[in-house]
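Asker: Below is the structure I would like to discuss, written out as structure tokens.
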Amino acid sequence: MNTADRTGEGVVRLEGRAKVTGAARYAVEHPLDGCLHAWPVPAGIARGRITAIDTERALAEPGTVAVLSHENAPRLGEPEDPELFVLQSPRVAYRGQYVALAVAETPQAARAAAAAVRLEYAAEPHDVTLTGGHPGLYAPETVNGGYPTDRERGDFDMAFAASEFRLDTRYRIPPLHNHPMEPHASTAVWEGPRLRVYDSAQGAHAVQSELAALFGLEPERITVVSEHVGGGFGSKGTPRPQVVLACLAARETGRPVKLAVPRHQMAQIVGHRAATEQRVRIGADGAGQISALAHEVVTYSSTVREFTEQAATPSRTMYASPHSRTTHRVTRLDVPTPSWMRAPGECPGMFALESAMDELAVTTGIDPVEIRLRNDTAKEPDSGHPFSSRRLADCLREGARRFGWEGRDPRPGTRAEGRLLIGTGVAASGYPVYVAPARATARAEAAGGYRIEVDATDIGTGARTVLAQIAAEALAAPLDRIRIGIGNSDLPKGPVAGGSMGTASWGWAVHKACRALLRTLAEHSGPLPEEGLSAHADTSDDVAARSDAYARRAFGAQFAEVQVDMDTGETRLRRLLGVFAAGRVLNARTARSQFIGGMTMGVSMALTEHSTMDAEFGDFAERDLAMYHVAVNADVPDVQAYWLDEEDQELNPMGSKGIGEIGIVGTAAAVTSAVHHATGVRVRELPVLPESLLPGLAEWRRPAVV
Amino acid sequence: MRTFRYERASGDEAAVAAMAASPGARYLGGGTNLVDLMKLGVESPDVLVDVSRLPHTSVEHTGPGGLLIGAALSNSDLAADHTVRTRYPVLSQALLAGASGQLRNAATVGGNLLQRTRCPYFQDPGKPCNKRQPGTGCPAREGVHRNLAVLGASEHCVATHPSDMAVALAALDAGVHVLSGAATRTIPVTELLRLPGDEPERDSVLRHGDLITHVELSAVPEAAHSLYRKVRDRASYSFALVSVAAALETEGGVVRRVRLALGGVAHRPWRARTAEERLLGEPATAEAFAHAVDAELAPAEPLRDNAFKVPLVRNVAVSALSDLAARQSDGTARLPEAR
Amino acid sequence: MEAPVHASPVTLYVNGTARELVVDNRTTVLDALREQLDLTGAKKGCDHGQCGACTVLVDGLRMNSCLLFAVARDGARITTVEGLADGPELHPLQEAFLERDAYQCGYCTPGQLCSAVGVLEEMAAGRPSAVTAPEHPSGQAVPAGDTEIRERMSGNLCRCGCYVNIVRAVDDAAGAQAGAGHGGSEGGAW
């Protein structure tokens, strides 16, 4: 295996061999004697109260060990996230919320027992439908990420009214589901007074701290292991109910318990990207220069917890806009609680903003690349701070060159191959640079080599490998001398794998620990003691000391080519090309996969992912992977990612920006802009479905249809 | 999933007898749909009679140029059969348009015919559904029905039949050999699968214990000029929004023989006999195809969110027939040009 | 009348070894592998044949093991991802997946690999796919190439978005298998 980066193509993942041989163990794959299996029972109403639970038949199923519900489950302490306060009350806040748990000797028995639980409810009228004028809409205190709900700069209304070109459009994004390939899954084992949990989570420490609150334990008595995690995309960023249920069941039965959320329950239970309705207004002059920009977002959360998708935030930072208004309004419905999904806020917000930019380009007759260049800005409009680095213009130009954008005929419907209409589109990408404090340990071992420890999580990003590379570089040691431990709450605390901040945060701590170790080693003489020599690092002060005089953000540009069948309205991607500027790229092989992976998910969002809240029942109709269409291999013929060298001294010792999310930002707008270029039809509601296009395609079908 | 007893049938008669002994029994073929439905609690057999190892796995040539296809043959084997590929390309294409490589390797011909609708209400035992639980109602009519029927539905059920293969078989007038008690009968596939009417719980005319042993294709010369078109929400591995199985033979630019079946629009594959009748003797032009298909679709009664299926299936049928016409050697058929 | 029997003895030949088991009739091949044989390589992504993560080879054919009752597959030869390598020597597909970074979280990977083994065999055996030209002669090897591989691998979802890398990897392995004559890659990022 290639563990040294001799070619510049990037080191092969350290756990690669384990993953391709099936040796990598995920959360419910650890063999434990006497392990039981649990299967949750979801609520069958959208709002109300459980009035009776009949578990007799369930308990009579062969192999059933226990059935837990609010009537008999152990009482829990108050968690930070009320979604985790499971089986504590007869209230039902949304359909699919967990109301009971069957525990049995085998997975088959657990499923049968769960199906045999009989529940009676006092149902109450429910409201699960988001409308633009919903009476429950309010301005939350802040939106996700801690951003301000509303921002005003200048005088939007005046500037908009005075603009030569005025665009006023609305965009809709349906609910979207993370659907990592590994369902949310947990194994819980009580070892005397200690609790050991294998959890499919993006941050073991986050799970540990919630479990400590719920079960009234010192955090040190809980070990959470998340060594291999089958994807998360935000939905495993905080603990989900299954881990609490597994711990409850293990405590109640005195045996280890495994629980993997059944796929068709996931849409309701693990969080999703809330639907948004976004109004974008742009006022510009004849040169395409924006003077007024308003981005107003309407969305929902559940009655359990407020979560407001911060979709207007990109408009605060992307383009020069002297007069600006950005707002968020949220209403609380009887629906599952939305949460993080890859690039929350940025991804849906940039669909709207970048679609509007394309519409502005069409309206003003200015090339879509050029109009973005004309509105580029060295200072973040909202904060007034200069960007620590911003190579958006270079990304646009380099992408245009590689894609072959030059000479594009902007008129819709000018390219066809047989019955296929072909079009191209562009959109910008962006993502904030976050970083959080982390701790790490570096140890020089007596037997030689180094041991690096940090509670980082590798959810497929390549974090394990990149952190080892950072250590190797800091220690000036070959990579094969580094052993790295991650994914365990017993290790020095690191933040969650989210917000594209993992590498920056954990890596900074690893870098610091390694440098400290080098100093310790320099002061040491003679052979190393048996336990080796260790150095610890905590970056809290370093992170706090970062200058706040800069705006920090990664940028990119994506170019899409699509084909639309003029008979069917089927839209398929032909190629997608992205160029990104995201600081220093530490591993070309895994970085490319991150960019391509995000872009691929963006294609999926644009063309196939479609979820419907069922107004009568209060659940998502497309609840499994046959009905909720994640793009398949055949949908993604050609995706290319490139990046520009970017030196930025205002980031972290590695000079890196996050790359896990920027790839999905802007993709959908590039695709729908390409659809517009192909057909002349502007799709403002995702995904692009045949019915979105068929009426507009009639014109191209002449003379086939009379 | 309930516990069940498992029996491996040693022969056709034994299989039928085992079913007769248990009113709650089901046949198990490839299991790609039944196991799925058992896990969901939609199907709860107490006995499974495994017919997947019955020796009905060949494709035999019958006297006058037809084929006898074993019901336990896998979908992939049938799709790869040389005769099927050359003489009935519509069938091979339909099979390959369905599901995934893995599923086609496991799924059988008989099971494919009898797969159940993917209506989201049918698949959720927590909701009413007349097909699953007669008399409970059909929430799909007012609810989520984007991919449900536009033709031949009833107030009780708007389900669609999900099979691609069955659409091709309907176009080819395939006969289905059924062992029923001690008697074998042949049912045209177009009659095997039924419209929902007042009995939406019945997908087919089969009775408990009836065993599909073979599917028979008679000689269909025009099937050499046939194709299958499927429209779907992603490029592969998803059910049809609509589909079209078409065969066409022209002579001097005039339609001599035509077969047309529509998928994804009704409770069973929709054989478009009205359109076929209209086309015989007509010029093989896009205009004629459009008029004929419009006549076929005139009785369509779409719901709030699936009205797009009507123009969609019309476009696909016209385009499929136009392509077939253009392929005919006489060269008189003209395809519309893209702008 | 005898009491109904809801469990059955079965023998599965897993990765070349006979494994005798008593299974609850409801047990799928996937659950038998994961819960009874501790072979957790085959993954449970959806348990309903909708994702492909559980793909294994059954008597040489790729199938979704979550939809196969073990009792009905008594006597079958099963190859899982754990059985692809020859001792320490990885299967060419496994090598190609590493080299092309054709995986991220790794959860769909065992299914992708088993599926790809089946795909290469199906193409070599001349079995058509939806994108194979109708006039391609039956039984003659179908040339590998991006379009064929993409279609044939579409029964394996990957949420991390590794498809283009997976296609490269399968194409590499197809090339290694077929020598220089294979259809070849149609371009891309690498």
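If you're wondering about the labels, chains in the structure tokens are A, B, ... by order shown, residues count from 1 in each chain, ligands from 1 in order shown.
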At a cut-off of 8 Å, list the chain A residues touching chain B, using only C-alpha atoms, as a PyMOL selection string.
Answerer: chain A and resi 44+108+111-112+115+413-414+416-419+567-568+570+572+607-608+612+614-616+621-622+626+629+631-632+634-635+689-691+694+700-706
Asker: Skip Ala440 in chain A itself and residues of its chain fewer than 2 positions away, then list as an mmCIF file with C-alpha atoms, in the first residue's frame all residues within 6 Å of it, counting only C-alpha atoms.
Answerer:
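Output contents, as saved in selection.cif:
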```
data_model
loop_
_atom_site.group_PDB
_atom_site.id
_atom_site.type_symbol
_atom_site.label_atom_id
_atom_site.label_comp_id
_atom_site.auth_asym_id
_atom_site.auth_seq_id
_atom_site.Cartn_x
_atom_site.Cartn_y
_atom_site.Cartn_z
ATOM 1 C CA GLU A 453 -4.098 10.556 19.886
ATOM 2 C CA VAL A 454 -7.030 12.857 19.279
ATOM 3 C CA PRO A 492 -8.071 13.960 24.042
ATOM 4 C CA ALA A 509 -3.891 20.306 18.032
ATOM 5 C CA VAL A 510 -1.910 17.465 16.502
ATOM 6 C CA HIS A 536 -0.138 17.362 25.174
ATOM 7 C CA ALA A 537 -1.665 20.254 23.360
#
```
Asker: For Ala94 in chain B, please output as a list in words all residues within 8 Å (counting only C-alpha atoms; exclusion window: fewer than 4 positions along the same chain).
Answerer: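 What passes the distance filter is Val90, Gly98, Asp164, Met165, Val167, Ala168, Tyr228, Arg229 and Ala245 of chain B.
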Asker: Could you list the residues in chain B lying within 7 Å of chain C, using only C-alpha atoms, and format the result as a list in words?
Answerer: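 My answer is Thr3, Phe4, Arg5, Tyr6, Gly31, Thr32, Val35, Asp36, Ala80, His82, Gln93, Leu96, Ala97, Ser100, Gly101, Gln102, Leu103, Asn105, Ala106, Ser236 and Tyr237 of chain B.
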Asker: Contacts from chain A to chain C, 8 Å maximum, only C-alpha atoms: show me the residue list as a PyMOL selection string.
Answerer: chain A and resi 12-13+16-17+19-25+29+31+108+179-183+228-231+262-264+458-462+589-590+593+596-601+624-626+630-634+636-641
